[in-house]
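What's in run_21.cif: mmCIF, C-alpha atoms
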data_target
loop_
_atom_site.label_atom_id
_atom_site.label_comp_id
_atom_site.auth_asym_id
_atom_site.auth_seq_id
_atom_site.Cartn_x
_atom_site.Cartn_y
_atom_site.Cartn_z
CA MET A 1 -32.06 13.48 -83.91
CA SER A 2 -32.01 14.75 -87.49
CA ASN A 3 -29.27 12.42 -88.70
CA LEU A 4 -29.99 9.20 -86.89
CA ASN A 5 -27.96 6.21 -87.98
CA PHE A 6 -30.24 3.23 -88.22
CA PRO A 7 -29.03 -0.36 -87.87
CA SER A 8 -31.55 -1.46 -90.50
CA GLN A 9 -32.88 0.03 -93.72
CA LEU A 10 -36.30 -1.49 -93.01
CA LEU A 11 -36.37 0.41 -89.73
CA GLU A 12 -35.18 3.61 -91.36
CA ARG A 13 -37.86 3.38 -94.03
CA ALA A 14 -40.63 2.77 -91.48
CA VAL A 15 -39.40 5.67 -89.32
CA ASN A 16 -39.38 7.97 -92.34
CA GLU A 17 -42.93 6.95 -93.23
CA PHE A 18 -44.21 7.40 -89.67
CA SER A 19 -42.56 10.81 -89.42
CA ARG A 20 -44.54 12.01 -92.46
CA LEU A 21 -47.71 11.81 -90.35
CA PRO A 22 -48.84 15.13 -88.82
CA GLY A 23 -47.50 15.77 -85.32
CA ILE A 24 -45.05 12.85 -85.44
CA GLY A 25 -41.36 13.80 -85.24
CA LYS A 26 -38.39 11.51 -85.82
CA LYS A 27 -38.18 10.50 -82.19
CA SER A 28 -41.88 9.58 -81.94
CA ALA A 29 -41.63 7.80 -85.29
CA LEU A 30 -38.81 5.64 -83.93
CA ARG A 31 -40.91 4.79 -80.88
CA LEU A 32 -43.82 3.80 -83.12
CA ALA A 33 -41.58 1.65 -85.35
CA LEU A 34 -40.08 -0.17 -82.35
CA PHE A 35 -43.61 -0.71 -81.03
CA ILE A 36 -44.58 -2.28 -84.37
CA LEU A 37 -41.57 -4.61 -84.08
CA LYS A 38 -42.91 -5.96 -80.79
CA GLN A 39 -46.42 -6.66 -82.09
CA GLU A 40 -47.67 -9.97 -83.42
CA SER A 41 -47.66 -10.14 -87.21
CA GLU A 42 -51.46 -10.52 -87.28
CA GLU A 43 -51.89 -7.33 -85.25
CA VAL A 44 -49.72 -5.38 -87.66
CA THR A 45 -51.68 -6.85 -90.58
CA ARG A 46 -54.91 -5.67 -88.98
CA PHE A 47 -53.42 -2.19 -88.51
CA VAL A 48 -52.17 -1.77 -92.08
CA GLU A 49 -55.37 -3.17 -93.57
CA ALA A 50 -57.47 -0.74 -91.56
CA VAL A 51 -55.34 2.14 -92.87
CA LYS A 52 -55.30 0.96 -96.48
CA THR A 53 -59.03 0.20 -96.72
CA LEU A 54 -59.84 3.53 -95.08
CA ARG A 55 -58.06 5.27 -97.94
CA ASP A 56 -59.27 3.07 -100.77
CA ASP A 57 -62.80 2.03 -99.81
CA ILE A 58 -64.18 5.20 -98.25
CA HIS A 59 -67.16 6.92 -99.89
CA TYR A 60 -68.28 10.51 -99.67
CA CYS A 61 -71.94 11.32 -99.21
CA ARG A 62 -73.20 12.79 -102.48
CA VAL A 63 -75.61 15.06 -100.61
CA CYS A 64 -73.41 16.61 -97.92
CA PHE A 65 -69.82 15.39 -98.72
CA ASN A 66 -69.44 13.86 -95.28
CA ILE A 67 -67.60 10.53 -95.37
CA SER A 68 -69.77 7.49 -95.45
CA ASP A 69 -69.58 3.76 -96.02
CA SER A 70 -72.11 4.08 -98.85
CA GLY A 71 -73.41 6.69 -101.32
CA ILE A 72 -75.47 8.67 -98.81
CA CYS A 73 -74.37 9.12 -95.21
CA ASP A 74 -76.37 8.04 -92.17
CA ILE A 75 -77.15 11.64 -91.26
CA CYS A 76 -78.62 12.51 -94.68
CA ASN A 77 -80.49 9.19 -94.64
CA ASP A 78 -82.08 9.92 -91.26
CA LYS A 79 -85.72 10.95 -91.79
CA ASN A 80 -86.00 12.16 -88.19
CA ARG A 81 -83.54 14.97 -88.83
CA ASP A 82 -84.56 18.40 -90.10
CA HIS A 83 -83.43 18.50 -93.74
CA THR A 84 -84.34 22.19 -94.06
CA LEU A 85 -81.65 23.17 -91.55
CA VAL A 86 -78.12 22.95 -92.98
CA CYS A 87 -74.95 23.44 -90.96
CA VAL A 88 -72.01 24.49 -93.16
CA VAL A 89 -68.66 23.15 -91.90
CA GLU A 90 -65.11 23.03 -93.15
CA SER A 91 -64.36 19.34 -92.65
CA ILE A 92 -65.55 15.92 -91.54
CA ARG A 93 -63.85 16.58 -88.24
CA ASP A 94 -66.29 19.39 -87.51
CA VAL A 95 -69.24 17.10 -88.30
CA ILE A 96 -67.94 14.62 -85.73
CA ALA A 97 -67.38 17.39 -83.17
CA ILE A 98 -70.88 18.89 -83.58
CA GLU A 99 -72.54 15.45 -83.64
CA ASN A 100 -70.89 14.69 -80.33
CA THR A 101 -72.52 17.71 -78.70
CA GLY A 102 -75.90 16.04 -79.36
CA GLN A 103 -77.35 19.57 -79.82
CA PHE A 104 -77.94 19.63 -83.57
CA LYS A 105 -80.72 17.79 -85.38
CA GLY A 106 -80.35 19.25 -88.88
CA ILE A 107 -78.01 18.09 -91.65
CA TYR A 108 -74.54 19.19 -92.75
CA HIS A 109 -72.74 20.50 -95.78
CA VAL A 110 -68.99 19.83 -95.77
CA LEU A 111 -67.07 22.42 -97.80
CA GLY A 112 -63.81 20.46 -97.85
CA GLY A 113 -61.74 23.49 -96.80
CA LEU A 114 -61.86 27.27 -96.56
CA ILE A 115 -61.15 29.98 -99.12
CA SER A 116 -57.48 30.79 -98.67
CA PRO A 117 -55.69 32.51 -101.56
CA MET A 118 -52.38 32.11 -99.70
CA ASP A 119 -52.78 28.33 -99.87
CA GLY A 120 -54.16 28.38 -103.40
CA MET A 121 -57.67 27.44 -102.23
CA GLY A 122 -60.35 29.27 -104.23
CA PRO A 123 -64.15 28.93 -104.16
CA ASP A 124 -64.04 26.42 -107.06
CA ASP A 125 -61.96 24.02 -104.97
CA LEU A 126 -64.74 23.80 -102.38
CA ASN A 127 -68.24 22.29 -102.36
CA ILE A 128 -69.94 25.70 -102.65
CA ASP A 129 -71.88 25.35 -105.90
CA SER A 130 -73.77 22.35 -104.58
CA LEU A 131 -74.71 24.35 -101.48
CA VAL A 132 -76.03 27.21 -103.61
CA SER A 133 -78.02 24.69 -105.68
CA LYS A 134 -79.63 23.29 -102.53
CA VAL A 135 -80.68 26.78 -101.51
CA ASN A 136 -82.00 27.65 -104.99
CA GLU A 137 -84.04 24.46 -105.10
CA ARG A 138 -85.77 25.84 -101.96
CA LYS A 139 -85.00 22.73 -99.96
CA VAL A 140 -83.38 24.78 -97.22
CA LYS A 141 -84.92 27.18 -94.71
CA GLU A 142 -81.88 28.05 -92.62
CA ILE A 143 -78.15 27.87 -93.15
CA ILE A 144 -75.84 27.95 -90.12
CA PHE A 145 -72.25 29.02 -90.74
CA ALA A 146 -70.06 26.93 -88.44
CA LEU A 147 -66.63 27.80 -89.81
CA SER A 148 -63.51 28.76 -87.89
CA ALA A 149 -63.41 32.26 -86.44
CA THR A 150 -60.38 33.09 -88.61
CA MET A 151 -59.80 35.33 -91.60
CA GLU A 152 -60.25 32.33 -93.93
CA GLY A 153 -63.47 31.35 -92.17
CA ASP A 154 -64.86 34.89 -92.36
CA THR A 155 -63.88 35.21 -96.04
CA THR A 156 -65.66 31.95 -96.85
CA ASN A 157 -68.74 32.96 -94.85
CA PHE A 158 -68.90 36.26 -96.73
CA TYR A 159 -68.42 34.64 -100.15
CA ILE A 160 -71.23 32.15 -99.56
CA TYR A 161 -73.40 34.88 -98.03
CA ARG A 162 -73.16 36.96 -101.21
CA LYS A 163 -74.02 33.93 -103.36
CA ILE A 164 -77.24 33.17 -101.48
CA ALA A 165 -78.23 36.54 -100.02
CA GLY A 166 -81.07 37.00 -102.57
CA SER A 167 -82.65 33.66 -101.68
CA ASN A 168 -85.41 33.33 -99.15
CA VAL A 169 -83.23 31.55 -96.59
CA ASP A 170 -82.27 32.44 -93.03
CA ILE A 171 -78.53 32.76 -92.58
CA THR A 172 -77.12 32.39 -89.07
CA SER A 173 -73.71 31.84 -87.57
CA LEU A 174 -72.38 30.05 -84.49
CA ALA A 175 -72.55 32.24 -81.40
CA ARG A 176 -69.14 33.66 -80.45
CA GLY A 177 -68.46 34.42 -76.84
CA VAL A 178 -66.72 33.53 -73.64
CA ALA A 179 -66.28 29.76 -73.48
CA VAL A 180 -68.41 27.92 -70.93
CA GLY A 181 -66.31 27.44 -67.80
CA ASP A 182 -63.77 30.13 -68.73
CA GLU A 183 -62.84 32.85 -66.29
CA LEU A 184 -63.57 36.28 -67.67
CA GLU A 185 -60.13 37.74 -67.04
CA TYR A 186 -58.56 35.13 -69.32
CA ALA A 187 -60.89 35.68 -72.29
CA ASP A 188 -59.21 37.57 -75.14
CA GLU A 189 -60.36 41.14 -75.80
CA VAL A 190 -61.96 40.48 -79.18
CA THR A 191 -64.04 37.58 -77.88
CA LEU A 192 -65.02 39.51 -74.78
CA GLY A 193 -65.95 42.56 -76.88
CA ARG A 194 -68.10 40.50 -79.23
CA SER A 195 -69.81 38.76 -76.35
CA ILE A 196 -70.84 42.14 -74.93
CA VAL A 197 -72.12 43.46 -78.27
CA ASN A 198 -74.02 40.23 -78.92
CA ARG A 199 -75.35 39.92 -75.40
CA LEU A 200 -78.55 37.91 -74.92
CA PRO A 201 -81.59 38.37 -72.67
CA PHE A 202 -80.71 36.49 -69.50
CA GLU A 203 -83.63 34.09 -69.86
CA ASN A 204 -82.24 32.97 -73.24
CA ILE A 205 -78.94 31.82 -71.74
CA GLU A 206 -78.87 28.06 -71.33
CA MET B 1 -63.83 12.13 -76.84
CA SER B 2 -64.27 8.63 -75.45
CA ASN B 3 -67.55 7.92 -77.21
CA LEU B 4 -67.11 9.54 -80.57
CA ASN B 5 -69.78 8.78 -83.12
CA PHE B 6 -68.13 8.08 -86.43
CA PRO B 7 -69.90 8.60 -89.74
CA SER B 8 -68.09 5.56 -91.14
CA GLN B 9 -67.07 2.18 -89.77
CA LEU B 10 -63.91 2.27 -91.90
CA LEU B 11 -62.95 5.51 -90.20
CA GLU B 12 -63.80 4.17 -86.76
CA ARG B 13 -61.70 1.06 -87.34
CA ALA B 14 -58.70 3.08 -88.53
CA VAL B 15 -59.00 5.47 -85.57
CA ASN B 16 -59.12 2.52 -83.16
CA GLU B 17 -56.02 1.01 -84.74
CA PHE B 18 -54.10 4.29 -84.68
CA SER B 19 -55.04 4.87 -81.05
CA ARG B 20 -53.44 1.55 -80.08
CA LEU B 21 -50.04 3.07 -80.93
CA PRO B 22 -48.08 4.43 -77.94
CA GLY B 23 -48.66 8.11 -77.22
CA ILE B 24 -51.59 8.39 -79.66
CA GLY B 25 -54.95 9.25 -78.09
CA LYS B 26 -58.34 9.17 -79.80
CA LYS B 27 -58.10 12.76 -80.92
CA SER B 28 -54.64 12.35 -82.48
CA ALA B 29 -55.79 9.07 -84.04
CA LEU B 30 -58.66 10.88 -85.74
CA ARG B 31 -56.26 13.50 -87.08
CA LEU B 32 -54.00 10.76 -88.46
CA ALA B 33 -56.92 8.93 -90.08
CA LEU B 34 -58.21 12.12 -91.74
CA PHE B 35 -54.65 12.79 -92.94
CA ILE B 36 -54.56 9.30 -94.51
CA LEU B 37 -57.85 10.09 -96.30
CA LYS B 38 -56.22 13.07 -97.99
CA GLN B 39 -53.17 11.15 -99.23
CA GLU B 40 -52.77 9.59 -102.66
CA SER B 41 -53.47 5.86 -102.65
CA GLU B 42 -49.86 5.11 -103.68
CA GLU B 43 -48.51 7.06 -100.71
CA VAL B 44 -50.70 5.10 -98.32
CA THR B 45 -49.56 1.86 -99.97
CA ARG B 46 -45.93 2.88 -99.42
CA PHE B 47 -46.67 3.66 -95.77
CA VAL B 48 -48.43 0.38 -94.98
CA GLU B 49 -45.83 -1.68 -96.85
CA ALA B 50 -43.01 -0.05 -94.90
CA VAL B 51 -44.79 -0.91 -91.64
CA LYS B 52 -45.67 -4.47 -92.63
CA THR B 53 -42.23 -5.39 -94.01
CA LEU B 54 -40.58 -3.88 -90.94
CA ARG B 55 -42.50 -6.33 -88.79
CA ASP B 56 -42.21 -9.39 -91.03
CA ASP B 57 -38.79 -9.10 -92.69
CA ILE B 58 -36.64 -7.76 -89.86
CA HIS B 59 -33.76 -9.87 -88.56
CA TYR B 60 -32.04 -9.80 -85.20
CA CYS B 61 -28.25 -10.00 -85.02
CA ARG B 62 -27.37 -13.42 -83.63
CA VAL B 63 -24.33 -11.99 -81.86
CA CYS B 64 -25.73 -8.90 -80.11
CA PHE B 65 -29.54 -9.05 -80.68
CA ASN B 66 -29.57 -5.64 -82.31
CA ILE B 67 -31.93 -5.45 -85.27
CA SER B 68 -30.34 -5.97 -88.64
CA ASP B 69 -31.27 -6.57 -92.26
CA SER B 70 -29.28 -9.82 -92.22
CA GLY B 71 -28.02 -12.42 -89.73
CA ILE B 72 -25.23 -10.30 -88.24
CA CYS B 73 -25.59 -6.55 -87.79
CA ASP B 74 -23.30 -3.94 -89.32
CA ILE B 75 -21.76 -3.13 -85.95
CA CYS B 76 -20.79 -6.74 -85.17
CA ASN B 77 -19.54 -7.12 -88.75
CA ASP B 78 -17.28 -4.06 -88.46
CA LYS B 79 -13.67 -5.21 -88.01
CA ASN B 80 -12.55 -1.72 -87.06
CA ARG B 81 -14.57 -1.86 -83.85
CA ASP B 82 -13.24 -3.22 -80.57
CA HIS B 83 -14.95 -6.59 -80.10
CA THR B 84 -13.50 -7.03 -76.61
CA LEU B 85 -15.50 -4.03 -75.32
CA VAL B 86 -19.22 -4.78 -74.88
CA CYS B 87 -21.84 -2.21 -73.98
CA VAL B 88 -24.90 -3.81 -72.35
CA VAL B 89 -28.15 -1.98 -73.19
CA GLU B 90 -31.84 -2.56 -72.67
CA SER B 91 -33.09 -2.02 -76.20
CA ILE B 92 -32.33 -1.21 -79.82
CA ARG B 93 -33.29 2.35 -79.06
CA ASP B 94 -30.31 2.69 -76.73
CA VAL B 95 -27.98 1.33 -79.42
CA ILE B 96 -29.21 4.04 -81.78
CA ALA B 97 -28.83 6.73 -79.09
CA ILE B 98 -25.26 5.70 -78.17
CA GLU B 99 -24.24 5.28 -81.83
CA ASN B 100 -25.39 8.81 -82.47
CA THR B 101 -23.00 10.18 -79.85
CA GLY B 102 -20.13 8.88 -82.01
CA GLN B 103 -18.20 8.23 -78.75
CA PHE B 104 -18.29 4.44 -78.60
CA LYS B 105 -16.22 2.10 -80.77
CA GLY B 106 -16.95 -1.24 -79.10
CA ILE B 107 -19.90 -3.55 -79.74
CA TYR B 108 -23.27 -3.98 -78.02
CA HIS B 109 -25.32 -6.60 -76.27
CA VAL B 110 -29.07 -5.92 -76.32
CA LEU B 111 -30.86 -7.51 -73.35
CA GLY B 112 -34.34 -6.98 -74.75
CA GLY B 113 -35.65 -5.53 -71.48
CA LEU B 114 -34.85 -5.24 -67.78
CA ILE B 115 -35.54 -7.57 -64.88
CA SER B 116 -38.89 -6.43 -63.51
CA PRO B 117 -40.83 -8.91 -61.38
CA MET B 118 -43.78 -6.50 -61.33
CA ASP B 119 -44.07 -6.79 -65.11
CA GLY B 120 -43.36 -10.53 -65.10
CA MET B 121 -39.90 -10.04 -66.66
CA GLY B 122 -37.36 -12.44 -65.19
CA PRO B 123 -33.71 -13.09 -66.15
CA ASP B 124 -34.75 -15.96 -68.45
CA ASP B 125 -36.80 -13.57 -70.57
CA LEU B 126 -33.69 -11.55 -71.37
CA ASN B 127 -30.54 -12.20 -73.43
CA ILE B 128 -28.38 -12.72 -70.35
CA ASP B 129 -27.15 -16.30 -70.85
CA SER B 130 -25.58 -15.39 -74.17
CA LEU B 131 -23.77 -12.48 -72.50
CA VAL B 132 -22.39 -14.77 -69.79
CA SER B 133 -21.25 -17.22 -72.50
CA LYS B 134 -19.37 -14.45 -74.31
CA VAL B 135 -17.58 -13.57 -71.08
CA ASN B 136 -16.77 -17.20 -70.27
CA GLU B 137 -15.34 -17.75 -73.73
CA ARG B 138 -12.89 -14.96 -72.79
CA LYS B 139 -13.80 -12.92 -75.85
CA VAL B 140 -14.56 -9.87 -73.73
CA LYS B 141 -12.20 -7.65 -71.74
CA GLU B 142 -14.64 -5.03 -70.51
CA ILE B 143 -18.40 -4.86 -70.03
CA ILE B 144 -20.07 -1.47 -69.73
CA PHE B 145 -23.47 -1.40 -68.06
CA ALA B 146 -25.54 1.24 -69.88
CA LEU B 147 -28.94 0.52 -68.39
CA SER B 148 -31.47 3.02 -67.03
CA ALA B 149 -30.71 4.54 -63.63
CA THR B 150 -33.91 2.98 -62.23
CA MET B 151 -34.61 0.19 -59.77
CA GLU B 152 -35.09 -2.24 -62.66
CA GLY B 153 -31.83 -1.13 -64.25
CA ASP B 154 -29.92 -1.49 -60.98
CA THR B 155 -31.46 -4.92 -60.32
CA THR B 156 -30.44 -6.11 -63.78
CA ASN B 157 -26.93 -4.70 -63.39
CA PHE B 158 -26.56 -6.50 -60.09
CA TYR B 159 -27.90 -9.81 -61.41
CA ILE B 160 -25.48 -9.81 -64.35
CA TYR B 161 -22.65 -8.64 -62.10
CA ARG B 162 -23.08 -11.67 -59.84
CA LYS B 163 -23.15 -14.02 -62.85
CA ILE B 164 -19.83 -12.80 -64.22
CA ALA B 165 -18.04 -11.46 -61.14
CA GLY B 166 -15.68 -14.46 -61.03
CA SER B 167 -14.54 -13.95 -64.62
CA ASN B 168 -11.49 -11.96 -65.55
CA VAL B 169 -13.44 -9.09 -67.06
CA ASP B 170 -13.59 -5.41 -66.22
CA ILE B 171 -17.09 -4.27 -65.31
CA THR B 172 -17.90 -0.59 -65.63
CA SER B 173 -21.03 1.53 -65.68
CA LEU B 174 -22.07 4.75 -67.39
CA ALA B 175 -20.98 7.82 -65.44
CA ARG B 176 -23.88 9.41 -63.55
CA GLY B 177 -23.72 13.10 -62.88
CA VAL B 178 -24.98 16.55 -63.63
CA ALA B 179 -26.05 16.70 -67.28
CA VAL B 180 -23.87 18.75 -69.59
CA GLY B 181 -25.43 22.19 -69.91
CA ASP B 182 -27.55 21.84 -66.78
CA GLU B 183 -27.52 24.46 -64.09
CA LEU B 184 -26.46 23.04 -60.74
CA GLU B 185 -29.42 24.38 -58.78
CA TYR B 186 -31.83 22.38 -60.92
CA ALA B 187 -30.03 19.02 -60.61
CA ASP B 188 -31.81 16.59 -58.28
CA GLU B 189 -30.15 15.82 -54.93
CA VAL B 190 -29.33 12.19 -55.65
CA THR B 191 -27.62 12.98 -58.94
CA LEU B 192 -25.77 15.91 -57.40
CA GLY B 193 -24.71 13.76 -54.44
CA ARG B 194 -23.40 10.99 -56.69
CA SER B 195 -21.54 13.45 -58.87
CA ILE B 196 -19.69 14.76 -55.80
CA VAL B 197 -18.84 11.28 -54.52
CA ASN B 198 -17.67 10.20 -57.98
CA ARG B 199 -15.81 13.41 -58.73
CA LEU B 200 -12.98 13.20 -61.26
CA PRO B 201 -9.55 14.85 -61.48
CA PHE B 202 -10.16 18.06 -63.37
CA GLU B 203 -7.83 17.10 -66.22
CA ASN B 204 -10.00 14.02 -66.89
CA ILE B 205 -13.11 16.09 -67.55
CA GLU B 206 -13.80 16.40 -71.25
#
Before we go any further, please render this structure as structure tokens.
Amino acid sequence: MSNLNFPSQLLERAVNEFSRLPGIGKKSALRLALFILKQESEEVTRFVEAVKTLRDDIHYCRVCFNISDSGICDICNDKNRDHTLVCVVESIRDVIAIENTGQFKGIYHVLGGLISPMDGMGPDDLNIDSLVSKVNERKVKEIIFALSATMEGDTTNFYIYRKIAGSNVDITSLARGVAVGDELEYADEVTLGRSIVNRLPFENIE
Amino acid sequence: MSNLNFPSQLLERAVNEFSRLPGIGKKSALRLALFILKQESEEVTRFVEAVKTLRDDIHYCRVCFNISDSGICDICNDKNRDHTLVCVVESIRDVIAIENTGQFKGIYHVLGGLISPMDGMGPDDLNIDSLVSKVNERKVKEIIFALSATMEGDTTNFYIYRKIAGSNVDITSLARGVAVGDELEYADEVTLGRSIVNRLPFENIE
């Protein structure tokens, strides 16, 4: 499908644009373009306006860098949440995922990525200084690292840890272990090993 | 993921629009929306303009109903192609697929669907009358049915066949058989059966 001949340049252009989206190959892009052709013009207008205004009108919360429709996001504006408990995440996507568990009542701090020298991402490219400031201003009692369990995630955890280790703040990390519902024999060795080392008193298991 | 809480209505709207596309669930739609957020504004403008102009500026060939950037498509305009040989297909997608084989030098006739009473598609919803007219005007020597090997495809084949059976036109259909490269033991029984019944002299196999 790499050298498709298109009967129309308009179609070819739309297919090329769709195939730039993540996870969309040429064949899926063609299906999407032909779907667009079958829609009412008003529906397509609604679609493209939603995409364009998302890009151009979005705001980022100036407290936690979550996206928001105004200057401060709904979570940071919520007085019922614990503003001394900050969950550090890589991206907006993680905020949405954790919010949907309904288990967290603190606030967030979105780094905007992870330290990854291979990808040219250094500490200065991330929202780390503002996190350190929050801690130094003694607004925060506990920081929860909720980054990916990868080398980049661990590097970022360690970098931030060193920056704030002197402060009077509790530093915790997401529990790692066998996933709920998983059969033991299919858990990988590292996860299984960690879950034995970090075992909990049985009455603490929820 | 059915009841995601979004930190922004702009994001929620874009995710809802993306998830209306075929094959895109809520989770993929969120990934696409977050990808859009990371793009330059000009890139997003280019994307939405390509989609909008595809829908609003596209033309359909008035001879074969293929899409086209003008009134008659490049294939119908090509004098080197055999205009007496018409391949009947369901959709534009099939035109693109057959063109990419490089094996067909006739022209096409795009029905725009298949007869499917379950989906409320009757013969009058398809470009069948114009096909019958072409045959009656004796412009066509051979019609090749290249519709899906499904009940809807067979029904449509049969309907068109009855409409033009009296005309002096050859009616053929795509060969059905074991796919090139397939191992025999994995071919389904019906296909295998048909390929035995419709076996060819060995020297005709390409």
For the provided coordinates, the residues matched by the PyMOL selection byres ((chain B) within 7 of (chain A)) should be stated as a ChimeraX atom specification. /B:4-11,13-14,17,21-22,32,36-37,41,44-45,47-48,50-52,54-56,67-69,74,96,100
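Atom pair CA of Leu126 (chain A) / CA of Gly177 (chain A) has a distance of 27.9 Å (rounded to one decimal).
Counting from CA of Arg162 (chain B), the distance to CA of Lys141 (chain B) is 16.6 Å.
If you look at CA of Tyr159 (chain B) and CA of Leu131 (chain B), they are 12.1 Å away from each other.
Residues matched by the PyMOL selection byres ((chain A and resi 84) around 8) in this file: Asp82, His83, Leu85, Val86, Gly106, Ile107, Lys139, Val140, Lys141 and Glu142 of chain A.
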Save out the residues we just selected, C-alpha atoms, as a short mmCIF file (atom, residue, chain, number, x, y, z; two decimals), in the frame of the given file.
data_model
loop_
_atom_site.label_atom_id
_atom_site.label_comp_id
_atom_site.auth_asym_id
_atom_site.auth_seq_id
_atom_site.Cartn_x
_atom_site.Cartn_y
_atom_site.Cartn_z
CA ASP A 82 -84.56 18.40 -90.10
CA HIS A 83 -83.43 18.50 -93.74
CA LEU A 85 -81.65 23.17 -91.55
CA VAL A 86 -78.12 22.95 -92.98
CA GLY A 106 -80.35 19.25 -88.88
CA ILE A 107 -78.01 18.09 -91.65
CA LYS A 139 -85.00 22.73 -99.96
CA VAL A 140 -83.38 24.78 -97.22
CA LYS A 141 -84.92 27.18 -94.71
CA GLU A 142 -81.88 28.05 -92.62
#
So which residues touch Ile160 (chain A) within 12 Å, counting all atoms listed in the file, skipping near sequence neighbours fewer than 3 positions away, as a ChimeraX atom specification? /A:88,111,114-115,123-124,126-133,135,143-145,147,153-157,163-167,171
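Residues in contact with Cys64 (chain B) at 7 Å, where all atoms listed in the file are counted and same-chain residues fewer than 4 positions away are skipped, are listed as Tyr108, His109 and Val110 of chain B.
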With 4 Å added on each side, what axis-aligned box encloses every listed atom of region 145-162 of chain A? Give the centre and edge lengths in Å to one decimal, as AutoDock Vina command-line options.
--center_x -66.6 --center_y 31.9 --center_z -93.8 --size_x 21.6 --size_y 18.0 --size_z 22.8
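Compared by their closest atoms to Arg194 (chain A), and using only C-alpha atoms, the residues A:Ala149, A:Cys61, A:Val180, A:Val169 rank with A:Ala149 nearest.
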C-alpha atoms of region 56-92 of chain B, written as an mmCIF file, in the first residue's frame:
data_model
loop_
_atom_site.group_PDB
_atom_site.id
_atom_site.type_symbol
_atom_site.label_atom_id
_atom_site.label_comp_id
_atom_site.auth_asym_id
_atom_site.auth_seq_id
_atom_site.Cartn_x
_atom_site.Cartn_y
_atom_site.Cartn_z
ATOM 1 C CA ASP B 56 -16.567 20.052 0.083
ATOM 2 C CA ASP B 57 -14.536 20.269 -3.138
ATOM 3 C CA ILE B 58 -14.531 16.664 -4.322
ATOM 4 C CA HIS B 59 -16.192 15.792 -7.621
ATOM 5 C CA TYR B 60 -17.590 12.498 -8.826
ATOM 6 C CA CYS B 61 -16.890 11.340 -12.377
ATOM 7 C CA ARG B 62 -20.144 11.619 -14.315
ATOM 8 C CA VAL B 63 -19.237 8.574 -16.396
ATOM 9 C CA CYS B 64 -18.144 6.030 -13.774
ATOM 10 C CA PHE B 65 -18.909 7.692 -10.374
ATOM 11 C CA ASN B 66 -15.318 7.354 -9.252
ATOM 12 C CA ILE B 67 -14.098 10.384 -7.318
ATOM 13 C CA SER B 68 -12.212 12.934 -9.328
ATOM 14 C CA ASP B 69 -10.879 16.474 -9.082
ATOM 15 C CA SER B 70 -12.964 17.458 -12.122
ATOM 16 C CA GLY B 71 -16.088 16.317 -13.986
ATOM 17 C CA ILE B 72 -14.554 13.241 -15.611
ATOM 18 C CA CYS B 73 -11.939 11.134 -13.837
ATOM 19 C CA ASP B 74 -8.444 10.437 -15.142
ATOM 20 C CA ILE B 75 -9.314 6.819 -15.902
ATOM 21 C CA CYS B 76 -12.346 7.674 -18.054
ATOM 22 C CA ASN B 77 -10.317 10.425 -19.731
ATOM 23 C CA ASP B 78 -7.501 8.028 -20.649
ATOM 24 C CA LYS B 79 -7.744 7.164 -24.351
ATOM 25 C CA ASN B 80 -5.251 4.341 -23.986
ATOM 26 C CA ARG B 81 -7.672 2.369 -21.835
ATOM 27 C CA ASP B 82 -10.256 -0.043 -23.224
ATOM 28 C CA HIS B 83 -13.600 1.731 -22.844
ATOM 29 C CA THR B 84 -15.542 -1.345 -23.980
ATOM 30 C CA LEU B 85 -14.412 -3.289 -20.883
ATOM 31 C CA VAL B 86 -16.195 -2.188 -17.685
ATOM 32 C CA CYS B 87 -15.342 -3.421 -14.214
ATOM 33 C CA VAL B 88 -18.293 -3.076 -11.821
ATOM 34 C CA VAL B 89 -17.208 -2.336 -8.229
ATOM 35 C CA GLU B 90 -18.891 -1.401 -4.990
ATOM 36 C CA SER B 91 -16.794 1.599 -4.007
ATOM 37 C CA ILE B 92 -13.928 3.942 -4.792
#
